[in-house]
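Q: Structure below; questions to follow.
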Amino acid sequence: MDDLHVAPGPGAPAGLTVPAADLLEQFSRASGPGGQGVNTTDSRVQLSIDLGTTTALDAVQRERVLGRLAPRLTGTVLTISAAEHRSQRQNRAAARERLAALLREAVAPPTPRRPTRRTRGSQRRRLEDKRERSALKQERRRPGRD
């Protein structure tokens, strides 16, 4: 198995290289298309990586990835399954692509929120509507003693 290369992106300007030693591939029988061969071939691929110990991430990236992918993790291990193709080779490639895309997205820093302002027209319309509503409710009141 070769190292996994993640394309450059925000949070990883030089990209990432996950050593093959950090990846664990497991194979099992997949359901779905394949005819009689589906019962005999181990075409489903489970690709796992321990994000807590991998050497591919620095401390900031590790913290970001563990926070973002927390719902998908078992401890600190991320597992990707691929069984959409009939061949093991295609499923291995699909799992590696999916893992690379997931890591690339997870290391990206969060985009800062830019506060927006109401337009002058929207503020004016809001205040006019409030005045109209207030006047309508004033008219509904019982006449006071004057």
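Each chain in the structure tokens gets a letter, A, B, ..., in the order shown, and its residues are numbered from 1; ligands are numbered from 1 in order too.
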Quick one: residues within 12 Å of A:Asp3, only C-alpha atoms counted, chain neighbours fewer than 2 positions away excluded, as a list in words?
A: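 Result of the neighbour search: Met1, His5, Val6, Leu16, Thr17, Val18, Pro19, Ala20, Ala21, Asp22, Leu23, Leu24, Thr55, Ala56, Arg96 and Ala100 of chain A.
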Q: Run DSSP on the backbone and tell me which residues of stretch 21-139 of chain A come out as strand (DSSP E); list them as a VMD selection string.
A: chain A and resid 23 to 28 44 to 50 73 to 74 77 to 82
Q: For A:Asn91, which of A:Ala14, A:Val45, A:Ala7, A:Val60 is the closest residue, counting only C-alpha atoms?
A: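 Among A:Ala14, A:Val45, A:Ala7, A:Val60, it is A:Val45 that comes nearest to A:Asn91.
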Q: Mind checking which residues fall within 9 Å of A:Ala82, counting only C-alpha atoms, ignoring those fewer than 4 positions away in the same chain, and posting them as a PyMOL selection string?
A: chain A and resi 30+43-47+90-95+98
Q: DSSP on the backbone: what in stretch 32-123 of chain A comes out alpha helix (DSSP H), as a PyMOL selection string?
A: chain A and resi 59-68+88-106+120-123
Q: Using only C-alpha atoms, which protein or nucleic acid residues come within 9 Å of A:Ile49? Drop anything in the same chain fewer than 3 positions from it, and give the result as a PyMOL selection string.
A: chain A and resi 22-24+52-54+76-80
Q: So that I have them on file, write out the residues from the current selection with all heavy atoms, as a PDB file, in the first residue's frame.
A:
ATOM      1  N   ASP A  22       0.339   4.341   8.770  1.00  0.00           N
ATOM      2  CA  ASP A  22      -0.750   4.877   9.589  1.00  0.00           C
ATOM      3  C   ASP A  22      -2.120   4.389   9.126  1.00  0.00           C
ATOM      4  O   ASP A  22      -3.116   4.589   9.824  1.00  0.00           O
ATOM      5  CB  ASP A  22      -0.734   6.404   9.575  1.00  0.00           C
ATOM      6  CG  ASP A  22       0.443   6.980  10.324  1.00  0.00           C
ATOM      7  OD1 ASP A  22       1.170   6.209  10.988  1.00  0.00           O
ATOM      8  OD2 ASP A  22       0.647   8.208  10.243  1.00  0.00           O
ATOM      9  N   LEU A  23      -2.195   3.789   7.945  1.00  0.00           N
ATOM     10  CA  LEU A  23      -3.464   3.339   7.382  1.00  0.00           C
ATOM     11  C   LEU A  23      -3.632   1.839   7.601  1.00  0.00           C
ATOM     12  O   LEU A  23      -2.679   1.075   7.522  1.00  0.00           O
ATOM     13  CB  LEU A  23      -3.512   3.632   5.879  1.00  0.00           C
ATOM     14  CG  LEU A  23      -3.425   5.099   5.479  1.00  0.00           C
ATOM     15  CD1 LEU A  23      -3.297   5.219   3.971  1.00  0.00           C
ATOM     16  CD2 LEU A  23      -4.643   5.859   5.962  1.00  0.00           C
ATOM     17  N   LEU A  24      -4.862   1.440   7.874  1.00  0.00           N
ATOM     18  CA  LEU A  24      -5.178   0.031   8.065  1.00  0.00           C
ATOM     19  C   LEU A  24      -6.318  -0.322   7.117  1.00  0.00           C
ATOM     20  O   LEU A  24      -7.387   0.296   7.168  1.00  0.00           O
ATOM     21  CB  LEU A  24      -5.593  -0.233   9.512  1.00  0.00           C
ATOM     22  CG  LEU A  24      -6.088  -1.642   9.818  1.00  0.00           C
ATOM     23  CD1 LEU A  24      -4.950  -2.651   9.681  1.00  0.00           C
ATOM     24  CD2 LEU A  24      -6.690  -1.702  11.201  1.00  0.00           C
ATOM     25  N   GLY A  52      -5.428  10.422  16.209  1.00  0.00           N
ATOM     26  CA  GLY A  52      -4.732  10.855  17.418  1.00  0.00           C
ATOM     27  C   GLY A  52      -3.243  10.591  17.378  1.00  0.00           C
ATOM     28  O   GLY A  52      -2.471  11.264  18.053  1.00  0.00           O
ATOM     29  N   THR A  53      -2.822   9.619  16.570  1.00  0.00           N
ATOM     30  CA  THR A  53      -1.399   9.255  16.557  1.00  0.00           C
ATOM     31  C   THR A  53      -0.729   9.427  15.202  1.00  0.00           C
ATOM     32  O   THR A  53       0.476   9.226  15.097  1.00  0.00           O
ATOM     33  CB  THR A  53      -1.222   7.783  16.992  1.00  0.00           C
ATOM     34  OG1 THR A  53      -1.931   6.946  16.080  1.00  0.00           O
ATOM     35  CG2 THR A  53      -1.711   7.564  18.403  1.00  0.00           C
ATOM     36  N   THR A  54      -1.466   9.777  14.169  1.00  0.00           N
ATOM     37  CA  THR A  54      -0.860   9.879  12.837  1.00  0.00           C
ATOM     38  C   THR A  54       0.189  10.986  12.786  1.00  0.00           C
ATOM     39  O   THR A  54       0.048  12.029  13.430  1.00  0.00           O
ATOM     40  CB  THR A  54      -1.927  10.092  11.744  1.00  0.00           C
ATOM     41  OG1 THR A  54      -1.282  10.054  10.465  1.00  0.00           O
ATOM     42  CG2 THR A  54      -2.639  11.417  11.897  1.00  0.00           C
ATOM     43  N   THR A  76     -10.351   7.813  18.579  1.00  0.00           N
ATOM     44  CA  THR A  76      -9.722   8.756  17.634  1.00  0.00           C
ATOM     45  C   THR A  76      -9.538   8.099  16.271  1.00  0.00           C
ATOM     46  O   THR A  76      -8.811   8.611  15.434  1.00  0.00           O
ATOM     47  CB  THR A  76      -8.355   9.230  18.161  1.00  0.00           C
ATOM     48  OG1 THR A  76      -7.517   8.102  18.369  1.00  0.00           O
ATOM     49  CG2 THR A  76      -8.499  10.037  19.433  1.00  0.00           C
ATOM     50  N   VAL A  77     -10.202   6.962  16.049  1.00  0.00           N
ATOM     51  CA  VAL A  77     -10.051   6.219  14.798  1.00  0.00           C
ATOM     52  C   VAL A  77     -11.188   6.563  13.849  1.00  0.00           C
ATOM     53  O   VAL A  77     -12.363   6.482  14.204  1.00  0.00           O
ATOM     54  CB  VAL A  77     -10.022   4.694  15.061  1.00  0.00           C
ATOM     55  CG1 VAL A  77      -9.924   3.931  13.757  1.00  0.00           C
ATOM     56  CG2 VAL A  77      -8.863   4.340  15.972  1.00  0.00           C
ATOM     57  N   LEU A  78     -10.811   6.949  12.626  1.00  0.00           N
ATOM     58  CA  LEU A  78     -11.771   7.235  11.560  1.00  0.00           C
ATOM     59  C   LEU A  78     -11.764   6.060  10.601  1.00  0.00           C
ATOM     60  O   LEU A  78     -10.701   5.635  10.141  1.00  0.00           O
ATOM     61  CB  LEU A  78     -11.375   8.518  10.824  1.00  0.00           C
ATOM     62  CG  LEU A  78     -12.190   8.882   9.591  1.00  0.00           C
ATOM     63  CD1 LEU A  78     -13.619   9.227   9.978  1.00  0.00           C
ATOM     64  CD2 LEU A  78     -11.556  10.055   8.865  1.00  0.00           C
ATOM     65  N   THR A  79     -12.951   5.517  10.291  1.00  0.00           N
ATOM     66  CA  THR A  79     -13.059   4.383   9.378  1.00  0.00           C
ATOM     67  C   THR A  79     -13.952   4.757   8.213  1.00  0.00           C
ATOM     68  O   THR A  79     -15.052   5.279   8.397  1.00  0.00           O
ATOM     69  CB  THR A  79     -13.640   3.150  10.103  1.00  0.00           C
ATOM     70  OG1 THR A  79     -12.801   2.847  11.214  1.00  0.00           O
ATOM     71  CG2 THR A  79     -13.709   1.954   9.191  1.00  0.00           C
ATOM     72  N   ILE A  80     -13.463   4.483   7.010  1.00  0.00           N
ATOM     73  CA  ILE A  80     -14.201   4.733   5.772  1.00  0.00           C
ATOM     74  C   ILE A  80     -14.480   3.385   5.129  1.00  0.00           C
ATOM     75  O   ILE A  80     -13.571   2.557   5.001  1.00  0.00           O
ATOM     76  CB  ILE A  80     -13.356   5.581   4.791  1.00  0.00           C
ATOM     77  CG1 ILE A  80     -12.920   6.885   5.422  1.00  0.00           C
ATOM     78  CG2 ILE A  80     -14.083   5.805   3.484  1.00  0.00           C
ATOM     79  CD1 ILE A  80     -14.004   7.895   5.596  1.00  0.00           C
TER      80      ILE A  80
END
Q: Any idea what's packed within 8 Å of stretch 8-10 of chain A, counting only C-alpha atoms, ignoring anything in its chain fewer than 2 positions away? Could you give it as a PyMOL selection string?
A: chain A and resi 6+12-16+104+107-109
Q: Since we have the selection now, will you write its residues out, keeping N, CA and C atoms, as a PDB file, in the first residue's frame?
A:
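Done, and the output landed in selection29.pdb:
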ATOM      1  N   VAL A   6      -2.926  13.977   0.112  1.00  0.00           N
ATOM      2  CA  VAL A   6      -4.089  14.860   0.161  1.00  0.00           C
ATOM      3  C   VAL A   6      -3.700  16.153  -0.533  1.00  0.00           C
ATOM      4  N   ALA A  12      -3.895  23.377   4.931  1.00  0.00           N
ATOM      5  CA  ALA A  12      -2.752  22.531   4.559  1.00  0.00           C
ATOM      6  C   ALA A  12      -2.238  23.003   3.204  1.00  0.00           C
ATOM      7  N   PRO A  13      -1.535  24.152   3.169  1.00  0.00           N
ATOM      8  CA  PRO A  13      -1.124  24.724   1.887  1.00  0.00           C
ATOM      9  C   PRO A  13      -0.179  23.840   1.078  1.00  0.00           C
ATOM     10  N   ALA A  14       0.561  22.962   1.739  1.00  0.00           N
ATOM     11  CA  ALA A  14       1.460  22.060   1.019  1.00  0.00           C
ATOM     12  C   ALA A  14       0.828  20.689   0.824  1.00  0.00           C
ATOM     13  N   GLY A  15      -0.404  20.520   1.250  1.00  0.00           N
ATOM     14  CA  GLY A  15      -1.060  19.227   1.183  1.00  0.00           C
ATOM     15  C   GLY A  15      -0.639  18.368   2.369  1.00  0.00           C
ATOM     16  N   LEU A  16      -1.138  17.159   2.413  1.00  0.00           N
ATOM     17  CA  LEU A  16      -0.800  16.213   3.475  1.00  0.00           C
ATOM     18  C   LEU A  16      -0.329  14.902   2.848  1.00  0.00           C
ATOM     19  N   ARG A 104      -9.024  16.696   3.796  1.00  0.00           N
ATOM     20  CA  ARG A 104      -8.796  18.021   3.199  1.00  0.00           C
ATOM     21  C   ARG A 104      -9.834  19.016   3.702  1.00  0.00           C
ATOM     22  N   VAL A 107      -9.309  19.811   7.708  1.00  0.00           N
ATOM     23  CA  VAL A 107      -8.182  20.631   8.174  1.00  0.00           C
ATOM     24  C   VAL A 107      -8.367  22.112   7.831  1.00  0.00           C
ATOM     25  N   ALA A 108      -9.360  22.428   7.010  1.00  0.00           N
ATOM     26  CA  ALA A 108      -9.594  23.822   6.634  1.00  0.00           C
ATOM     27  C   ALA A 108     -10.046  24.624   7.851  1.00  0.00           C
ATOM     28  N   PRO A 109      -9.478  25.818   8.047  1.00  0.00           N
ATOM     29  CA  PRO A 109      -9.898  26.629   9.193  1.00  0.00           C
ATOM     30  C   PRO A 109     -11.336  27.128   9.013  1.00  0.00           C
TER      31      PRO A 109
END
Q: Mind giving me the straight-line distance from atom CA of A:Arg126 to atom CA of A:Gln138 in Å, one decimal?
A: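 Here the two named atoms are 18.3 Å from each other.
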Q: By how many Å are atom CA of A:Pro112 and atom CA of A:Ala70 apart?
A: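 Separation of atom CA of A:Pro112 and atom CA of A:Ala70: 21.0 Å.
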